[in-house]
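Containing CSV, C-alpha atoms: upload-v8.csv.
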chain,number,residue,atom,x,y,z
A,29,MET,CA,114.3,147.3,20.1
A,30,ALA,CA,115.7,148.6,16.7
A,31,PHE,CA,113.5,149.4,13.8
A,32,SER,CA,113.7,150.8,10.4
A,33,ILE,CA,111.0,152.4,8.2
A,34,SER,CA,111.2,152.2,4.5
A,35,GLU,CA,108.6,153.2,1.9
A,36,THR,CA,108.4,152.1,-1.7
A,37,ASP,CA,105.8,152.0,-4.4
A,38,ASN,CA,107.7,149.3,-6.3
A,39,LEU,CA,107.0,145.6,-5.6
A,40,LEU,CA,110.4,144.5,-6.9
A,41,LEU,CA,112.3,147.0,-4.7
A,42,ALA,CA,110.2,146.0,-1.7
A,43,ARG,CA,111.0,142.3,-2.3
A,44,GLU,CA,114.7,143.0,-2.6
A,45,LYS,CA,114.7,145.1,0.6
A,46,ILE,CA,112.9,142.3,2.5
A,47,ILE,CA,115.4,139.7,1.2
A,48,GLU,CA,118.4,141.8,2.1
A,49,TRP,CA,117.4,143.2,5.4
A,50,ARG,CA,115.5,140.1,6.7
A,51,PRO,CA,113.3,142.1,9.2
A,52,ASN,CA,111.3,140.4,11.9
A,53,LEU,CA,108.1,142.3,10.8
A,54,VAL,CA,107.0,143.9,7.6
A,55,ILE,CA,103.9,146.1,7.6
A,56,ALA,CA,102.5,146.5,4.2
A,57,ASP,CA,99.5,148.2,2.4
A,58,PHE,CA,98.8,146.8,-1.0
A,59,THR,CA,95.9,149.2,-1.7
A,60,SER,CA,98.1,151.5,-3.8
A,61,PHE,CA,98.8,148.6,-6.2
A,62,ALA,CA,95.2,147.9,-6.8
A,63,SER,CA,95.0,150.0,-9.9
A,64,THR,CA,98.4,148.9,-11.4
A,65,LEU,CA,98.2,145.1,-10.8
A,66,HIS,CA,97.6,143.2,-14.0
A,67,ASN,CA,97.7,139.9,-12.1
A,68,ILE,CA,97.1,139.4,-8.4
A,69,GLN,CA,100.0,136.9,-8.4
A,70,GLN,CA,102.4,139.9,-8.6
A,71,LEU,CA,101.9,140.1,-4.8
A,72,SER,CA,103.4,136.7,-4.4
A,73,SER,CA,106.9,138.2,-4.7
A,74,ILE,CA,106.3,139.8,-1.3
A,75,TYR,CA,105.0,136.6,0.3
A,76,SER,CA,107.9,134.6,-1.1
A,77,ALA,CA,110.5,137.2,0.1
A,78,CYS,CA,109.0,137.0,3.6
A,79,GLY,CA,108.9,133.2,3.6
A,80,ALA,CA,108.4,131.6,7.0
A,81,SER,CA,110.8,133.8,8.9
A,82,VAL,CA,109.4,137.3,8.4
A,83,ARG,CA,106.1,138.3,9.8
A,84,LEU,CA,103.8,140.1,7.3
A,85,MET,CA,101.2,142.5,8.8
A,86,LEU,CA,98.7,143.9,6.3
A,87,PHE,CA,96.9,147.2,6.4
A,88,ASN,CA,94.5,148.7,3.9
A,89,SER,CA,93.3,152.3,3.5
A,90,ILE,CA,90.5,151.2,1.2
A,91,ARG,CA,88.9,147.7,1.1
A,92,HIS,CA,89.8,145.8,-2.0
A,93,ASP,CA,88.1,142.4,-2.0
A,94,LYS,CA,90.4,140.8,-4.6
A,95,ILE,CA,93.6,141.8,-2.7
A,96,GLU,CA,92.1,140.8,0.6
A,97,GLU,CA,91.0,137.4,-0.7
A,98,TYR,CA,94.4,136.7,-2.2
A,99,CYS,CA,96.3,137.8,1.0
A,100,LEU,CA,94.1,135.6,3.2
A,101,SER,CA,94.6,132.6,0.8
A,102,GLN,CA,98.4,133.2,1.2
A,103,GLY,CA,98.2,132.7,5.0
A,104,SER,CA,97.7,136.2,6.3
A,105,ARG,CA,95.6,135.9,9.4
A,106,SER,CA,94.0,139.3,9.3
A,107,ILE,CA,94.0,142.6,7.4
A,108,TYR,CA,93.8,145.8,9.5
A,109,SER,CA,92.1,149.0,8.6
A,110,LYS,CA,94.3,152.1,8.7
A,111,SER,CA,91.6,153.8,10.7
A,112,VAL,CA,92.1,151.5,13.6
A,113,PRO,CA,92.7,153.4,16.9
A,114,LEU,CA,96.3,153.7,18.0
A,115,PRO,CA,96.0,151.6,21.2
A,116,GLU,CA,94.5,148.8,19.1
A,117,LEU,CA,97.2,149.2,16.5
A,118,TYR,CA,99.9,149.1,19.2
A,119,SER,CA,98.3,145.9,20.6
A,120,ALA,CA,98.2,144.3,17.1
A,121,ILE,CA,101.8,145.0,16.4
A,122,GLN,CA,102.9,143.7,19.9
A,123,ASN,CA,100.9,140.5,19.3
A,124,GLN,CA,102.6,140.0,15.9
A,125,LEU,CA,106.0,140.5,17.5
A,126,SER,CA,105.4,138.3,20.5
A,127,ALA,CA,103.8,135.5,18.6
A,128,ARG,CA,107.2,133.8,18.4
A,129,PRO,CA,110.8,134.8,19.1
A,130,PRO,CA,112.6,136.6,16.3
A,131,PHE,CA,114.6,134.4,13.8
A,132,HIS,CA,117.3,137.1,13.4
A,133,SER,CA,118.0,138.4,16.9
A,134,ALA,CA,121.5,139.8,16.2
A,135,LEU,CA,121.4,143.4,15.2
A,136,HIS,CA,123.3,144.2,12.1
A,137,TYR,CA,123.4,147.5,10.3
A,138,LYS,CA,122.6,147.1,6.6
A,139,PRO,CA,123.1,150.0,4.3
A,140,PRO,CA,120.2,150.8,2.0
A,141,LEU,CA,119.9,148.6,-1.1
A,142,LEU,CA,119.8,151.7,-3.4
A,143,THR,CA,121.2,155.1,-2.7
A,144,LEU,CA,118.8,158.1,-2.6
A,145,ARG,CA,119.9,159.1,-6.1
A,146,GLU,CA,119.4,155.6,-7.4
A,147,GLU,CA,115.9,155.5,-5.9
A,148,LYS,CA,115.1,158.9,-7.6
A,149,ILE,CA,116.3,157.6,-10.9
A,150,LEU,CA,114.3,154.3,-10.5
A,151,LYS,CA,111.2,156.4,-9.7
A,152,LEU,CA,111.7,158.5,-12.9
A,153,TRP,CA,112.5,155.4,-14.9
A,154,THR,CA,109.4,153.5,-13.8
A,155,ASP,CA,107.4,156.6,-14.6
A,156,GLU,CA,108.7,156.1,-18.2
A,157,ALA,CA,111.0,159.1,-18.3
A,158,ASN,CA,113.7,158.8,-21.0
A,159,ASN,CA,117.4,159.1,-20.2
A,160,ASP,CA,117.7,162.7,-21.5
A,161,PHE,CA,114.8,163.8,-19.2
A,162,ILE,CA,116.3,162.0,-16.2
A,163,ALA,CA,119.7,163.5,-16.9
A,164,ARG,CA,118.2,167.1,-17.0
A,165,MET,CA,116.2,166.4,-13.8
A,166,MET,CA,119.2,165.0,-11.9
A,167,GLY,CA,121.9,167.4,-13.4
A,168,ILE,CA,124.0,164.5,-14.7
A,169,SER,CA,125.0,163.3,-18.2
A,170,THR,CA,122.9,160.8,-20.2
A,171,LYS,CA,125.8,158.3,-20.0
A,172,THR,CA,125.7,158.6,-16.2
A,173,VAL,CA,122.0,157.8,-16.2
A,174,TYR,CA,122.7,154.7,-18.3
A,175,THR,CA,125.3,153.7,-15.7
A,176,TYR,CA,122.9,154.3,-12.8
A,177,LYS,CA,120.2,152.2,-14.5
A,178,ARG,CA,122.7,149.3,-15.1
A,179,ASN,CA,123.7,149.5,-11.4
A,180,ILE,CA,120.1,149.5,-10.3
A,181,ARG,CA,119.3,146.4,-12.4
A,182,MET,CA,122.3,144.6,-10.9
A,183,LYS,CA,121.3,145.5,-7.3
A,184,LEU,CA,117.7,144.4,-7.9
A,185,GLY,CA,118.8,141.2,-9.7
A,186,ILE,CA,117.1,142.1,-13.0
A,187,ASN,CA,118.7,140.5,-16.0
A,188,ASN,CA,117.6,143.0,-18.6
A,189,ARG,CA,115.8,146.3,-18.9
A,190,PHE,CA,112.5,144.6,-20.1
A,191,SER,CA,112.2,142.4,-16.9
A,192,LEU,CA,112.1,145.5,-14.7
A,193,PHE,CA,108.8,146.6,-16.3
A,194,ILE,CA,107.3,143.2,-17.1
A,195,GLU,CA,107.2,142.1,-13.4
A,196,GLN,CA,106.1,145.6,-12.1
A,197,HIS,CA,103.2,146.2,-14.5

structure tokens encoding of this file:
Amino acid sequence: MAFSISETDNLLLAREKIIEWRPNLVIADFTSFASTLHNIQQLSSIYSACGASVRLMLFNSIRHDKIEEYCLSQGSRSIYSKSVPLPELYSAIQNQLSARPPFHSALHYKPPLLTLREEKILKLWTDEANNDFIARMMGISTKTVYTYKRNIRMKLGINNRFSLFIEQH
């Protein structure tokens, strides 16, 4: 069984990774978004990316009633606590995987959507750092930062700079 682990604190990037990689199982914890969500509907991007073919298994580190209620209304069968014992966690993951055969059984290597440098620039960008600051942090020119930002927008399917922030916040 092949698997890949990816971590992000950006819903748009998570959505794009799901769409591109089409995994059989996504394990997510939306708790970290509780303080930044302006509208609970922002989580719908993850559900729409998963569609009917990708299993979505939810965990939470802290109970958040609004997020749990929304996730259950979207068809999630249960939300697991991160404090669940490992044997129980193993069993829950096996149940998710064996619930039905995988839709995408052929193994294909997919390169990461963004390079490590692009992910670092995206993180600084979403933390509202300006181009000059990003250039100093990364040891590149301001023009190169602009080029990286344009490439990031293209890879994430964002039409303009404003859209990146409007959907995230």

* For atom CA of Leu152 of chain A and atom CA of Ile74 of chain A, the interatomic separation in Å (one decimal) ->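 Here the two named atoms are 22.7 Å from each other.
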
* Atom-to-atom span, atom CA of Leu41 of chain A and atom CA of Arg91 of chain A, Å -> 24.1 Å

Within 12 Å of (101.5, 142.8, 17.7) in the file's own coordinates, which protein, DNA or RNA residues have an atom, counting all atoms listed in the file? List them as a PDB file with C-alpha atoms, in the frame of the given file.
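To be explicit, this is the file written out as result.pdb:
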ATOM      1  CA  ASN A  52     111.300 140.400  11.900  1.00  0.00           C
ATOM      2  CA  LEU A  53     108.100 142.300  10.800  1.00  0.00           C
ATOM      3  CA  VAL A  54     107.000 143.900   7.600  1.00  0.00           C
ATOM      4  CA  ILE A  55     103.900 146.100   7.600  1.00  0.00           C
ATOM      5  CA  ARG A  83     106.100 138.300   9.800  1.00  0.00           C
ATOM      6  CA  LEU A  84     103.800 140.100   7.300  1.00  0.00           C
ATOM      7  CA  MET A  85     101.200 142.500   8.800  1.00  0.00           C
ATOM      8  CA  LEU A  86      98.700 143.900   6.300  1.00  0.00           C
ATOM      9  CA  SER A 106      94.000 139.300   9.300  1.00  0.00           C
ATOM     10  CA  TYR A 108      93.800 145.800   9.500  1.00  0.00           C
ATOM     11  CA  PRO A 115      96.000 151.600  21.200  1.00  0.00           C
ATOM     12  CA  GLU A 116      94.500 148.800  19.100  1.00  0.00           C
ATOM     13  CA  LEU A 117      97.200 149.200  16.500  1.00  0.00           C
ATOM     14  CA  TYR A 118      99.900 149.100  19.200  1.00  0.00           C
ATOM     15  CA  SER A 119      98.300 145.900  20.600  1.00  0.00           C
ATOM     16  CA  ALA A 120      98.200 144.300  17.100  1.00  0.00           C
ATOM     17  CA  ILE A 121     101.800 145.000  16.400  1.00  0.00           C
ATOM     18  CA  GLN A 122     102.900 143.700  19.900  1.00  0.00           C
ATOM     19  CA  ASN A 123     100.900 140.500  19.300  1.00  0.00           C
ATOM     20  CA  GLN A 124     102.600 140.000  15.900  1.00  0.00           C
ATOM     21  CA  LEU A 125     106.000 140.500  17.500  1.00  0.00           C
ATOM     22  CA  SER A 126     105.400 138.300  20.500  1.00  0.00           C
ATOM     23  CA  ALA A 127     103.800 135.500  18.600  1.00  0.00           C
ATOM     24  CA  ARG A 128     107.200 133.800  18.400  1.00  0.00           C
TER      25      ARG A 128
END

* To do: Quick one: pull the distance between atom CA of Lys151 of chain A and atom CA of Lys177 of chain A, Å, one decimal.
  =>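 Interatomic distance, atom CA of Lys151 of chain A to atom CA of Lys177 of chain A: 11.0 Å.
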
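Distance check against Ser81 of chain A using all atoms listed in the file: of A:Leu141, A:Ile46, A:Ile162, A:Ala56, the minimum falls on A:Ile46.
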
* Find the residues around segment 98-101 of chain A up to 10 Å (all atoms listed in the file counted), leave out those fewer than 2 positions away in its own chain, and share them as a ChimeraX atom specification. => /A:58,68-69,71-72,75,86,93-96,103-107

* Out of A:Arg178, A:Ile149, A:His66, A:Cys78, which residue has the shortest atom-to-atom distance to Glu44 of chain A when counting all atoms listed in the file? ->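 Smallest distance to Glu44 of chain A is found for A:Cys78.
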
N, CA and C atoms are needed for segment 90-113 of chain A; please write them out as a PDB file, keeping the file's coordinate frame.
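Written out: out-v1.pdb:
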ATOM      1  N   ILE A  90      91.754 151.370   1.858  1.00  0.00           N
ATOM      2  CA  ILE A  90      90.500 151.200   1.200  1.00  0.00           C
ATOM      3  C   ILE A  90      90.289 149.673   1.015  1.00  0.00           C
ATOM      4  N   ARG A  91      89.109 149.155   1.291  1.00  0.00           N
ATOM      5  CA  ARG A  91      88.900 147.700   1.100  1.00  0.00           C
ATOM      6  C   ARG A  91      88.951 147.357  -0.361  1.00  0.00           C
ATOM      7  N   HIS A  92      89.683 146.314  -0.656  1.00  0.00           N
ATOM      8  CA  HIS A  92      89.800 145.800  -2.000  1.00  0.00           C
ATOM      9  C   HIS A  92      89.634 144.280  -1.900  1.00  0.00           C
ATOM     10  N   ASP A  93      88.440 143.792  -2.246  1.00  0.00           N
ATOM     11  CA  ASP A  93      88.100 142.400  -2.000  1.00  0.00           C
ATOM     12  C   ASP A  93      89.080 141.413  -2.663  1.00  0.00           C
ATOM     13  N   LYS A  94      89.504 141.696  -3.899  1.00  0.00           N
ATOM     14  CA  LYS A  94      90.400 140.800  -4.600  1.00  0.00           C
ATOM     15  C   LYS A  94      91.747 140.663  -3.888  1.00  0.00           C
ATOM     16  N   ILE A  95      92.293 141.789  -3.453  1.00  0.00           N
ATOM     17  CA  ILE A  95      93.600 141.800  -2.700  1.00  0.00           C
ATOM     18  C   ILE A  95      93.412 141.083  -1.387  1.00  0.00           C
ATOM     19  N   GLU A  96      92.340 141.398  -0.661  1.00  0.00           N
ATOM     20  CA  GLU A  96      92.100 140.800   0.600  1.00  0.00           C
ATOM     21  C   GLU A  96      91.968 139.254   0.511  1.00  0.00           C
ATOM     22  N   GLU A  97      91.196 138.818  -0.482  1.00  0.00           N
ATOM     23  CA  GLU A  97      91.000 137.400  -0.700  1.00  0.00           C
ATOM     24  C   GLU A  97      92.323 136.691  -0.998  1.00  0.00           C
ATOM     25  N   TYR A  98      93.128 137.309  -1.836  1.00  0.00           N
ATOM     26  CA  TYR A  98      94.400 136.700  -2.200  1.00  0.00           C
ATOM     27  C   TYR A  98      95.326 136.645  -0.932  1.00  0.00           C
ATOM     28  N   CYS A  99      95.403 137.726  -0.180  1.00  0.00           N
ATOM     29  CA  CYS A  99      96.300 137.800   1.000  1.00  0.00           C
ATOM     30  C   CYS A  99      95.857 136.725   2.039  1.00  0.00           C
ATOM     31  N   LEU A 100      94.567 136.582   2.251  1.00  0.00           N
ATOM     32  CA  LEU A 100      94.100 135.600   3.200  1.00  0.00           C
ATOM     33  C   LEU A 100      94.394 134.168   2.703  1.00  0.00           C
ATOM     34  N   SER A 101      94.324 133.958   1.374  1.00  0.00           N
ATOM     35  CA  SER A 101      94.600 132.600   0.800  1.00  0.00           C
ATOM     36  C   SER A 101      96.137 132.323   0.937  1.00  0.00           C
ATOM     37  N   GLN A 102      96.970 133.347   1.089  1.00  0.00           N
ATOM     38  CA  GLN A 102      98.400 133.200   1.200  1.00  0.00           C
ATOM     39  C   GLN A 102      98.842 132.961   2.683  1.00  0.00           C
ATOM     40  N   GLY A 103      97.885 132.965   3.599  1.00  0.00           N
ATOM     41  CA  GLY A 103      98.200 132.700   5.000  1.00  0.00           C
ATOM     42  C   GLY A 103      98.161 133.901   5.917  1.00  0.00           C
ATOM     43  N   SER A 104      97.833 135.072   5.390  1.00  0.00           N
ATOM     44  CA  SER A 104      97.700 136.200   6.300  1.00  0.00           C
ATOM     45  C   SER A 104      96.497 135.987   7.181  1.00  0.00           C
ATOM     46  N   ARG A 105      96.695 136.215   8.479  1.00  0.00           N
ATOM     47  CA  ARG A 105      95.600 135.900   9.400  1.00  0.00           C
ATOM     48  C   ARG A 105      94.559 137.005   9.450  1.00  0.00           C
ATOM     49  N   SER A 106      94.960 138.243   9.265  1.00  0.00           N
ATOM     50  CA  SER A 106      94.000 139.300   9.300  1.00  0.00           C
ATOM     51  C   SER A 106      94.559 140.528   8.529  1.00  0.00           C
ATOM     52  N   ILE A 107      93.661 141.400   8.105  1.00  0.00           N
ATOM     53  CA  ILE A 107      94.000 142.600   7.400  1.00  0.00           C
ATOM     54  C   ILE A 107      93.416 143.762   8.229  1.00  0.00           C
ATOM     55  N   TYR A 108      94.251 144.689   8.661  1.00  0.00           N
ATOM     56  CA  TYR A 108      93.800 145.800   9.500  1.00  0.00           C
ATOM     57  C   TYR A 108      93.472 147.013   8.716  1.00  0.00           C
ATOM     58  N   SER A 109      92.494 147.747   9.191  1.00  0.00           N
ATOM     59  CA  SER A 109      92.100 149.000   8.600  1.00  0.00           C
ATOM     60  C   SER A 109      93.096 150.094   9.094  1.00  0.00           C
ATOM     61  N   LYS A 110      93.438 151.037   8.235  1.00  0.00           N
ATOM     62  CA  LYS A 110      94.300 152.100   8.700  1.00  0.00           C
ATOM     63  C   LYS A 110      93.607 153.091   9.606  1.00  0.00           C
ATOM     64  N   SER A 111      92.305 152.925   9.758  1.00  0.00           N
ATOM     65  CA  SER A 111      91.600 153.800  10.700  1.00  0.00           C
ATOM     66  C   SER A 111      91.446 153.217  12.071  1.00  0.00           C
ATOM     67  N   VAL A 112      92.159 152.119  12.329  1.00  0.00           N
ATOM     68  CA  VAL A 112      92.100 151.500  13.600  1.00  0.00           C
ATOM     69  C   VAL A 112      92.712 152.461  14.678  1.00  0.00           C
ATOM     70  N   PRO A 113      92.121 152.549  15.867  1.00  0.00           N
ATOM     71  CA  PRO A 113      92.700 153.400  16.900  1.00  0.00           C
ATOM     72  C   PRO A 113      94.095 153.030  17.296  1.00  0.00           C
TER      73      PRO A 113
END
